[in-house]
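Below: the structure, in structure tokens.
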Amino acid sequence: MINLEVPKKATALVNQAYQAASEVFRPISRKYDRAEHEYPKELDTLAALLDGLNSSGEGGAGAAGVRKGGDDAAKGNRNGANLNLVLGTIEMCWGDVAMLLAMPRQGLGNAAIASVANEEQAKRFAQVWAAMAITEPHTGSDSANITTTAERDGDEYVLNGEKIFVTAGGRADTVVVWATLDKSLGRAAIKSFVVEKTRPGIKVERLEHKLGIKASDTAVIRLDNCRVPKENLLGSPEIDTKSGFAGVMQTFDNTRPLVAAMAIGVARAALEETAKVLAEAGVTVDYDRPANSQHAAAAAYLQLEADYEAAYLLTLQAAWMADNRKPNSLQASMAKAKAGRSVVDITLRCVELCGTVGYTEESLLEKWARDSKILDIFEGTQQIQQLIVARRLLGKSSAELK
């Protein structure tokens, strides 16, 4: 029998995340949506608490990853670390997704380090706040088409290139940069490098003005002959033309379920708010009657809730597989694709169902509708996720199915 309830050992974490979301994030959500690029100082104390949870092994609603190999591989399930992280992320993003993205030391770059770094690197970079720099101006959504270069020069690598849409790129003290060691070898030569922003040659060019997630800064970063020690290359420096890109892409298998969890949190917030508005308007959602025999608004709500449940279960599956050392690339992309599309549909429809209440700043519904779109775009667009799913199901390579 399958038990779909939250595991008892995760209950405390979920409750803590919910309390943080309701007592810290929600009260300041509108304030920092209006004050774009202003850092929410209220997050410092909460970030310190999450640091403690992560270091204790309990996990939190922040950055984490699955370590491959070593002692953990023989032990199998690592105490449900990914599942805990997903559940905590859902609660935090029920409060405010931009606030979670703005949390110190909880960036996507931290998840990359946790997933790919060796033991020495994991310890050395344990306390950094790492953004992740992948996207470039002319590469589109294909991560394998990266043009930023990393040339070996003695005991250092010299990085050159430009990165755009770097989440927390302005505030983070470190950036995980994707770069190629040899363009002629294609995707196999792409590696990730930890670049401290104190190093000469790395510069934040500007911060973007955005549709949503305004409490989180999004930067353009330029690398001009930026030198980093060879020890800052995450994973193996060897170029394996058969599986060399897999180590870097492993990051996505961990972060895509997290983005799906963010989407689920926002969708749940919108559904709960809409249920209250409908109830105040006298519309009852009856789970014991067919949708087509109820008020049109109730029928629409039931459809949205079904989409939410499907995304939620796909995300839990992807996290569970990661915890149990099962390849989850297909499930991670399915969860991201479903949750990303669903959260946009759900929040926009909720705005519509709530009418003037949804469209004005009287409630947070209009903000959630704006915030939701990025969750369908970053960490791989909807179209890229569908392409990955198709490749996995059909057994096609990236060269065979573009």
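Each chain of the structure tokens is named A, B, ... in the order shown, its residues numbered from 1; ligands are numbered from 1 in display order.
Non-sequential neighbours of range 231-241 of chain A (distance at most 8 Å, separation of 5 or more positions within a chain, only C-alpha atoms) are A:Ile113, A:Val116, A:Ala117, A:Asn118, A:Gln121, A:Leu185, A:Ala188, A:Ala189, A:Lys191, A:Ser192, A:Phe193, A:Val194, A:Val195, A:Gly247.
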Restricting it to N, CA and C atoms, dump the selection as an mmCIF file, in the first residue's frame.
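Written output follows (result.cif):
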```cif
data_model
loop_
_atom_site.group_PDB
_atom_site.id
_atom_site.type_symbol
_atom_site.label_atom_id
_atom_site.label_comp_id
_atom_site.auth_asym_id
_atom_site.auth_seq_id
_atom_site.Cartn_x
_atom_site.Cartn_y
_atom_site.Cartn_z
ATOM 1 N N ILE A 113 27.039 22.758 -5.475
ATOM 2 C CA ILE A 113 28.199 22.341 -4.682
ATOM 3 C C ILE A 113 27.880 21.081 -3.886
ATOM 4 N N VAL A 116 27.785 18.039 -6.510
ATOM 5 C CA VAL A 116 28.903 17.656 -7.371
ATOM 6 C C VAL A 116 30.259 17.695 -6.673
ATOM 7 N N ALA A 117 30.418 18.520 -5.651
ATOM 8 C CA ALA A 117 31.730 18.712 -5.023
ATOM 9 C C ALA A 117 32.241 17.429 -4.371
ATOM 10 N N ASN A 118 33.582 17.308 -4.331
ATOM 11 C CA ASN A 118 34.159 16.211 -3.567
ATOM 12 C C ASN A 118 34.134 16.583 -2.086
ATOM 13 N N GLN A 121 36.044 19.791 -1.142
ATOM 14 C CA GLN A 121 35.365 20.993 -1.628
ATOM 15 C C GLN A 121 34.097 21.272 -0.827
ATOM 16 N N LEU A 185 35.084 19.907 -28.280
ATOM 17 C CA LEU A 185 34.639 18.625 -27.725
ATOM 18 C C LEU A 185 33.180 18.651 -27.284
ATOM 19 N N ALA A 188 30.724 17.514 -23.530
ATOM 20 C CA ALA A 188 31.559 16.731 -22.615
ATOM 21 C C ALA A 188 32.594 17.593 -21.899
ATOM 22 N N ALA A 189 32.966 18.724 -22.517
ATOM 23 C CA ALA A 189 34.014 19.569 -21.947
ATOM 24 C C ALA A 189 33.472 20.621 -20.994
ATOM 25 N N LYS A 191 32.306 22.116 -17.616
ATOM 26 C CA LYS A 191 32.534 21.878 -16.195
ATOM 27 C C LYS A 191 31.998 23.062 -15.395
ATOM 28 N N SER A 192 31.839 22.861 -14.095
ATOM 29 C CA SER A 192 31.396 23.957 -13.227
ATOM 30 C C SER A 192 32.531 24.350 -12.292
ATOM 31 N N PHE A 193 32.665 25.670 -12.101
ATOM 32 C CA PHE A 193 33.758 26.235 -11.311
ATOM 33 C C PHE A 193 33.193 27.125 -10.213
ATOM 34 N N VAL A 194 33.779 27.024 -9.033
ATOM 35 C CA VAL A 194 33.405 27.902 -7.931
ATOM 36 C C VAL A 194 34.269 29.153 -8.023
ATOM 37 N N VAL A 195 33.624 30.301 -8.238
ATOM 38 C CA VAL A 195 34.346 31.557 -8.420
ATOM 39 C C VAL A 195 33.928 32.539 -7.322
ATOM 40 N N GLY A 247 28.034 14.654 -14.954
ATOM 41 C CA GLY A 247 28.315 15.174 -13.617
ATOM 42 C C GLY A 247 27.764 16.563 -13.413
#
```
Neighbour list for range 356-369 of chain A as a ChimeraX atom specification, cut-off 10 Å, only C-alpha atoms, skip fewer than 6 positions in-chain: /A:26,29-30,33,94,96-97,211-214,263,266-267,269-271,273-274,277,343-350
Backbone DSSP call of helix (DSSP H, G or I) for range 176-401 of chain A, listed as a PyMOL selection string: chain A and resi 183-189+230-232+246-280+291-293+296-323+329-354+356-359+365-375+382-394
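Minimum distance to Pro137 in chain A across A:Lys123, A:Lys163, A:Arg268, A:Arg256 (counting only C-alpha atoms) occurs at A:Lys163.
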Long-range neighbours of Asp253 in chain A as a ChimeraX atom specification, 12 Å cut-off, only C-alpha atoms, 6 positions minimum in chain: /A:64-67,82,111-112,115-116,246-247,259-260,315,318-323,325-336,379-380,385,388
Take the selection from the previous step and output its residues with C-alpha atoms, as a PDB file, in the first residue's frame.
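Output (result_19.pdb):
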```
ATOM      1  CA  ALA A  64      21.108  20.605  -0.549  1.00  0.00           C
ATOM      2  CA  GLY A  65      22.042  17.897  -2.976  1.00  0.00           C
ATOM      3  CA  VAL A  66      22.573  14.176  -3.297  1.00  0.00           C
ATOM      4  CA  ARG A  67      26.168  13.062  -2.973  1.00  0.00           C
ATOM      5  CA  ASN A  82      15.687  15.387  -0.701  1.00  0.00           C
ATOM      6  CA  ALA A 111      22.803  22.962  -4.365  1.00  0.00           C
ATOM      7  CA  ALA A 112      25.341  22.463  -7.167  1.00  0.00           C
ATOM      8  CA  SER A 115      25.614  17.653  -5.462  1.00  0.00           C
ATOM      9  CA  VAL A 116      28.903  17.656  -7.371  1.00  0.00           C
ATOM     10  CA  ALA A 246      26.520  13.917 -16.727  1.00  0.00           C
ATOM     11  CA  GLY A 247      28.315  15.174 -13.617  1.00  0.00           C
ATOM     12  CA  VAL A 259      11.829  24.383  -8.483  1.00  0.00           C
ATOM     13  CA  ALA A 260       8.789  22.126  -8.847  1.00  0.00           C
ATOM     14  CA  THR A 315       7.648  16.020  -7.256  1.00  0.00           C
ATOM     15  CA  ALA A 318      11.446  12.595  -8.027  1.00  0.00           C
ATOM     16  CA  ALA A 319      12.731  13.475  -4.541  1.00  0.00           C
ATOM     17  CA  TRP A 320      12.148   9.938  -3.229  1.00  0.00           C
ATOM     18  CA  MET A 321      14.100   8.466  -6.145  1.00  0.00           C
ATOM     19  CA  ALA A 322      17.026  10.808  -5.481  1.00  0.00           C
ATOM     20  CA  ASP A 323      17.055   9.787  -1.816  1.00  0.00           C
ATOM     21  CA  ARG A 325      19.964   6.588  -5.361  1.00  0.00           C
ATOM     22  CA  LYS A 326      17.704   5.849  -8.316  1.00  0.00           C
ATOM     23  CA  PRO A 327      18.264   7.718 -11.602  1.00  0.00           C
ATOM     24  CA  ASN A 328      15.612  10.428 -11.576  1.00  0.00           C
ATOM     25  CA  SER A 329      16.382  12.592 -14.600  1.00  0.00           C
ATOM     26  CA  LEU A 330      13.080  11.650 -16.273  1.00  0.00           C
ATOM     27  CA  GLN A 331      11.026  12.156 -13.109  1.00  0.00           C
ATOM     28  CA  ALA A 332      12.789  15.426 -12.243  1.00  0.00           C
ATOM     29  CA  SER A 333      11.939  16.844 -15.669  1.00  0.00           C
ATOM     30  CA  MET A 334       8.367  15.535 -15.515  1.00  0.00           C
ATOM     31  CA  ALA A 335       7.859  17.148 -12.115  1.00  0.00           C
ATOM     32  CA  LYS A 336       9.376  20.445 -13.252  1.00  0.00           C
ATOM     33  CA  GLU A 379      16.148  25.544 -14.415  1.00  0.00           C
ATOM     34  CA  GLY A 380      15.028  24.594 -17.928  1.00  0.00           C
ATOM     35  CA  GLN A 385      11.616  19.672 -20.009  1.00  0.00           C
ATOM     36  CA  ILE A 388      14.102  15.735 -22.081  1.00  0.00           C
TER      37      ILE A 388
END
```
